[in-house]
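I have placed the structure first, in the form of structure tokens, so that the comments after it can refer back to it.
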Amino acid sequence: MSVEVERKFLCSDDTLKTLEEVGVCLGQRQFHDQYFDTPEFELTLRDLWLRKRKGCWELKCPTATLNGTENPKAEQCLAAALCTHYKEITSLPEIHQRVKEAVKDACEDIETETAPSEGDESWLSKMNLVCFAEYTTVRRSFTLGEEGVQIDLDQADFGYHVGEIEVLIPEGGDVRSAQEKIRNAAQKLGLTGNERVEGKMNVYLKRYHPEHYTKLLSAHVL
């Protein structure tokens, strides 16, 4: 199981030019995402993001970030503040179990619910899960040559463009080291600023589901 350490950024023309000069393009792909939750937002209020992408289920869960240097420097603190950290679960039985634990108080008679087989989506209705967000993304991916660092430029079909600098580490791995790699990559691209950039989901919810967005803000999820 891997942990995704990521910093988002807004890609200006200058940043794109620098990226094309110093990076290596890994190609372009398109994918369609569907996100699911209960009408009471039982998952997302816990910062759990259930997603179906290209026919496969994924669950993004928050993870602890305290590995590495005990007394970080100021620049390390800033690097940490600009990053998000999520564990990505792709095993359907484990996803099913995690989701069941999160929604059990809101749904009756799911304690005996068994793990679904591939292609069986009846568990969604049994757990009262509905699709609350759906969009298509065109993604261009680059590497700067530094081990483990990937840069993605995403163009969502609802008109939002955002970049991501990402490092994947094993669960329990060195988060500080990943953050440092991301900070170095950002410097190579000439990125400045000390505030987090909104991701696609933030913008989507703000535009199309403001009530959901406001509840997640109040719960300090976003």
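By order in the structure tokens, chains are A, B, ...; within a chain, residues start at 1; ligands start at 1, following the order shown.
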Would you list the contacts of Glu166 (chain A) as a PDB file with all heavy atoms, in the first residue's frame, taking every protein, DNA or RNA residue within 6 Å and counting only C-alpha atoms, but skipping same-chain residues closer than 2 positions in sequence?
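New file part26.pdb:
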ATOM      1  N   VAL A   5       2.176  11.629  -1.514  1.00  0.00           N
ATOM      2  CA  VAL A   5       2.525  12.949  -0.997  1.00  0.00           C
ATOM      3  C   VAL A   5       2.499  13.903  -2.188  1.00  0.00           C
ATOM      4  O   VAL A   5       3.182  13.662  -3.189  1.00  0.00           O
ATOM      5  CB  VAL A   5       3.904  12.948  -0.321  1.00  0.00           C
ATOM      6  CG1 VAL A   5       4.197  14.299   0.311  1.00  0.00           C
ATOM      7  CG2 VAL A   5       3.986  11.842   0.728  1.00  0.00           C
ATOM      8  N   GLU A   6       1.751  14.973  -2.084  1.00  0.00           N
ATOM      9  CA  GLU A   6       1.465  15.765  -3.282  1.00  0.00           C
ATOM     10  C   GLU A   6       1.342  17.244  -2.968  1.00  0.00           C
ATOM     11  O   GLU A   6       0.827  17.637  -1.924  1.00  0.00           O
ATOM     12  CB  GLU A   6       0.152  15.244  -3.884  1.00  0.00           C
ATOM     13  CG  GLU A   6      -0.314  15.929  -5.142  1.00  0.00           C
ATOM     14  CD  GLU A   6      -1.624  15.318  -5.621  1.00  0.00           C
ATOM     15  OE1 GLU A   6      -1.585  14.241  -6.242  1.00  0.00           O
ATOM     16  OE2 GLU A   6      -2.687  15.907  -5.351  1.00  0.00           O
ATOM     17  N   VAL A 149       9.818  11.318  -8.447  1.00  0.00           N
ATOM     18  CA  VAL A 149       9.010  12.537  -8.564  1.00  0.00           C
ATOM     19  C   VAL A 149       8.301  12.568  -9.915  1.00  0.00           C
ATOM     20  O   VAL A 149       8.938  12.420 -10.963  1.00  0.00           O
ATOM     21  CB  VAL A 149       9.877  13.804  -8.421  1.00  0.00           C
ATOM     22  CG1 VAL A 149       9.019  15.055  -8.577  1.00  0.00           C
ATOM     23  CG2 VAL A 149      10.594  13.813  -7.083  1.00  0.00           C
ATOM     24  N   GLN A 150       6.984  12.754  -9.874  1.00  0.00           N
ATOM     25  CA  GLN A 150       6.214  12.891 -11.107  1.00  0.00           C
ATOM     26  C   GLN A 150       5.405  14.180 -11.053  1.00  0.00           C
ATOM     27  O   GLN A 150       4.900  14.569 -10.004  1.00  0.00           O
ATOM     28  CB  GLN A 150       5.273  11.705 -11.309  1.00  0.00           C
ATOM     29  CG  GLN A 150       4.439  11.795 -12.599  1.00  0.00           C
ATOM     30  CD  GLN A 150       3.763  10.492 -12.960  1.00  0.00           C
ATOM     31  OE1 GLN A 150       4.407   9.440 -12.995  1.00  0.00           O
ATOM     32  NE2 GLN A 150       2.463  10.543 -13.236  1.00  0.00           N
TER      33      GLN A 150
END
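Minimum atom-to-atom distance to Gln179 (chain A), evaluated using only C-alpha atoms, belongs to A:Leu82 out of A:Asp152, A:Cys131, A:Leu82, A:Ala102.
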Which residue gives the smallest distance to Val138 (chain A) among A:Leu124, A:Leu222, A:Ile89, A:Ala156, with only C-alpha atoms counted?
A:Ala156
Tell me, as a compact mmCIF listing (two decimals) with N, CA, C and O atoms, in the first residue's frame, which residues lie within 8 Å of Tyr204 (chain A), counting only C-alpha atoms; anything in the same chain fewer than 5 positions away does not count.
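Writing done, so here's result.txt:
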# COMPACT_ATOMS: atom_id res chain seq x y z
N ALA A 133 -20.01 13.40 -7.54
CA ALA A 133 -19.13 14.17 -8.42
C ALA A 133 -18.67 13.26 -9.55
O ALA A 133 -18.36 12.09 -9.33
N PHE A 158 -14.61 20.55 -16.55
CA PHE A 158 -15.44 21.66 -16.08
C PHE A 158 -14.65 22.97 -16.06
O PHE A 158 -15.06 23.96 -15.48
N HIS A 209 -21.76 21.94 -5.84
CA HIS A 209 -22.39 21.45 -4.61
C HIS A 209 -21.92 22.30 -3.43
O HIS A 209 -21.20 21.82 -2.55
Write out as a ChimeraX atom specification each polymer residue whose atoms come within 9 Å of Arg46 (chain A), counting only C-alpha atoms; drop sequence neighbours fewer than 4 positions from it.
/A:41-42,61-62,102,219,221
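Minimum atom-to-atom distance to Ala186 (chain A), evaluated using only C-alpha atoms, belongs to A:Thr18 out of A:Thr38, A:Ser218, A:Ser2, A:Thr18.
When only C-alpha atoms are used to compute distances to Asp33 (chain A), the closest of the residues A:Val175, A:Leu19, A:Thr137, A:Glu94 turns out to be A:Thr137.
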At a cut-off of 9 Å, using only C-alpha atoms, what residues contact Glu58 (chain A)? Leave out same-chain residues fewer than 2 positions from it and give the result as an mmCIF file with N, CA, C and O atoms, in the first residue's frame.
data_model
loop_
_atom_site.group_PDB
_atom_site.id
_atom_site.type_symbol
_atom_site.label_atom_id
_atom_site.label_comp_id
_atom_site.auth_asym_id
_atom_site.auth_seq_id
_atom_site.Cartn_x
_atom_site.Cartn_y
_atom_site.Cartn_z
ATOM 1 N N TRP A 49 -12.283 9.331 0.501
ATOM 2 C CA TRP A 49 -12.706 9.645 -0.864
ATOM 3 C C TRP A 49 -12.781 8.358 -1.678
ATOM 4 O O TRP A 49 -11.761 7.783 -2.051
ATOM 5 N N LEU A 50 -14.018 7.920 -1.912
ATOM 6 C CA LEU A 50 -14.271 6.692 -2.658
ATOM 7 C C LEU A 50 -14.453 7.040 -4.124
ATOM 8 O O LEU A 50 -15.354 7.806 -4.480
ATOM 9 N N ARG A 51 -13.599 6.444 -4.949
ATOM 10 C CA ARG A 51 -13.556 6.830 -6.359
ATOM 11 C C ARG A 51 -13.551 5.600 -7.257
ATOM 12 O O ARG A 51 -12.928 4.585 -6.957
ATOM 13 N N LYS A 52 -14.248 5.735 -8.378
ATOM 14 C CA LYS A 52 -14.185 4.738 -9.434
ATOM 15 C C LYS A 52 -13.525 5.384 -10.641
ATOM 16 O O LYS A 52 -14.009 6.395 -11.155
ATOM 17 N N ARG A 53 -12.398 4.812 -11.065
ATOM 18 C CA ARG A 53 -11.647 5.351 -12.195
ATOM 19 C C ARG A 53 -11.296 4.210 -13.151
ATOM 20 O O ARG A 53 -10.674 3.241 -12.755
ATOM 21 N N CYS A 56 -12.035 0.725 -11.980
ATOM 22 C CA CYS A 56 -11.386 0.226 -10.769
ATOM 23 C C CYS A 56 -11.735 1.117 -9.575
ATOM 24 O O CYS A 56 -11.805 2.338 -9.708
ATOM 25 N N LYS A 60 -9.137 6.852 -1.011
ATOM 26 C CA LYS A 60 -8.063 7.698 -0.491
ATOM 27 C C LYS A 60 -8.378 8.049 0.956
ATOM 28 O O LYS A 60 -9.452 8.578 1.256
ATOM 29 N N GLU A 88 -3.573 5.301 -0.474
ATOM 30 C CA GLU A 88 -4.450 4.858 -1.547
ATOM 31 C C GLU A 88 -4.690 3.356 -1.426
ATOM 32 O O GLU A 88 -3.759 2.554 -1.548
ATOM 33 N N ILE A 89 -5.939 2.991 -1.186
ATOM 34 C CA ILE A 89 -6.316 1.582 -1.076
ATOM 35 C C ILE A 89 -6.994 1.159 -2.375
ATOM 36 O O ILE A 89 -7.929 1.812 -2.838
ATOM 37 N N THR A 90 -6.493 0.086 -2.970
ATOM 38 C CA THR A 90 -7.054 -0.386 -4.239
ATOM 39 C C THR A 90 -7.635 -1.798 -4.140
ATOM 40 O O THR A 90 -8.198 -2.286 -5.117
ATOM 41 N N SER A 91 -7.484 -2.425 -3.001
ATOM 42 C CA SER A 91 -8.060 -3.753 -2.781
ATOM 43 C C SER A 91 -9.549 -3.612 -2.491
ATOM 44 O O SER A 91 -9.931 -2.983 -1.492
ATOM 45 N N LEU A 92 -10.409 -4.187 -3.340
ATOM 46 C CA LEU A 92 -11.860 -4.022 -3.171
ATOM 47 C C LEU A 92 -12.351 -4.555 -1.826
ATOM 48 O O LEU A 92 -13.160 -3.882 -1.165
ATOM 49 N N ILE A 95 -11.405 -1.925 0.715
ATOM 50 C CA ILE A 95 -12.222 -0.730 0.500
ATOM 51 C C ILE A 95 -13.617 -0.953 1.076
ATOM 52 O O ILE A 95 -14.161 -0.107 1.797
#
Considering only C-alpha atoms, tabulate each residue of region 138-206 of chain A that lies at most 7 Å from region 21-27 of chain A along with its nearest interatomic pair and the corresponding distance in Å to one decimal; arrange the rows by chain and ascending residue number and present them as JSON lines.
{"residue": "A:Arg140", "atom": "CA", "partner": "A:Gly27", "partner_atom": "CA", "distance": 5.9}
{"residue": "A:Ser141", "atom": "CA", "partner": "A:Leu26", "partner_atom": "CA", "distance": 5.2}
{"residue": "A:Phe142", "atom": "CA", "partner": "A:Cys25", "partner_atom": "CA", "distance": 4.4}
{"residue": "A:Thr143", "atom": "CA", "partner": "A:Val24", "partner_atom": "CA", "distance": 5.3}
{"residue": "A:Leu144", "atom": "CA", "partner": "A:Gly23", "partner_atom": "CA", "distance": 4.5}
Among chain A, which residues carry a DSSP assignment of alpha helix (DSSP H), reported as a ChimeraX atom specification?
/A:13-22,74-81,92-103,122-126,175-188,200-208,210-218
Give the strand (DSSP E) residues of region 39-201 of chain A, as DSSP finds them on the backbone, and put them as a PyMOL selection string.
chain A and resi 49-53+56-62+83-89+130-143+149-156+161-170
Please provide the set of residues having any atom within 10 Å of Phe132 (chain A), restricted to only C-alpha atoms, with same-chain residues fewer than 3 positions apart removed, written as a PyMOL selection string.
chain A and resi 34-39+41+129+205+208-209+212
Can you write out the residues you just picked, keeping N, CA, C and O atoms, as a compact mmCIF listing (two decimals), in the first residue's frame?
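The file below, result-v2.txt, is the result:
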# COMPACT_ATOMS: atom_id res chain seq x y z
N GLN A 34 -15.62 9.00 -10.95
CA GLN A 34 -16.89 9.11 -10.24
C GLN A 34 -16.60 8.98 -8.75
O GLN A 34 -15.90 8.05 -8.33
N TYR A 35 -17.11 9.89 -7.94
CA TYR A 35 -16.92 9.87 -6.49
C TYR A 35 -18.24 9.58 -5.80
O TYR A 35 -19.28 10.10 -6.21
N PHE A 36 -18.18 8.77 -4.74
CA PHE A 36 -19.38 8.30 -4.07
C PHE A 36 -19.37 8.63 -2.59
O PHE A 36 -18.32 8.62 -1.94
N ASP A 37 -20.57 8.91 -2.05
CA ASP A 37 -20.74 9.16 -0.63
C ASP A 37 -22.21 8.95 -0.31
O ASP A 37 -23.05 8.79 -1.20
N THR A 38 -22.53 8.95 0.99
CA THR A 38 -23.93 8.90 1.39
C THR A 38 -24.52 10.31 1.31
O THR A 38 -23.77 11.30 1.25
N PRO A 39 -25.83 10.43 1.31
CA PRO A 39 -26.45 11.77 1.29
C PRO A 39 -26.06 12.61 2.50
O PRO A 39 -26.13 13.84 2.44
N PHE A 41 -23.01 12.60 3.72
CA PHE A 41 -21.56 12.82 3.56
C PHE A 41 -20.74 12.08 4.62
O PHE A 41 -19.76 12.61 5.16
N LEU A 129 -24.87 4.59 -0.93
CA LEU A 129 -23.84 5.40 -1.58
C LEU A 129 -24.32 5.85 -2.96
O LEU A 129 -24.82 5.05 -3.75
N LEU A 205 -16.76 20.99 -6.12
CA LEU A 205 -17.79 21.10 -5.07
C LEU A 205 -18.21 22.54 -4.84
O LEU A 205 -19.39 22.83 -4.65
N TYR A 208 -20.54 23.35 -7.92
CA TYR A 208 -21.75 22.58 -8.21
C TYR A 208 -22.46 22.04 -6.97
O TYR A 208 -23.65 21.71 -7.05
N HIS A 209 -21.76 21.94 -5.84
CA HIS A 209 -22.39 21.45 -4.61
C HIS A 209 -21.92 22.30 -3.43
O HIS A 209 -21.20 21.82 -2.55
N HIS A 212 -22.36 20.94 0.24
CA HIS A 212 -21.37 19.90 0.57
C HIS A 212 -20.02 20.55 0.85
O HIS A 212 -19.34 20.23 1.84
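For the residues A:Arg29, A:Arg139, A:His220, A:Arg176, ranking by smallest atom-to-atom distance to His161 (chain A) using only C-alpha atoms places A:Arg139 first.
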Determine, counting only C-alpha atoms, which protein, DNA and RNA residues have an atom within 12 Å of an atom of Glu147 (chain A); residues of the same chain fewer than 4 positions away are not included. Present the result as JSON, numbers by chain.
{"A": [143, 166, 167, 168, 169, 177, 178, 181, 182, 184, 185]}
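Separating CA of Tyr86 (chain A) from CA of Glu171 (chain A) is a distance of 9.9 Å.
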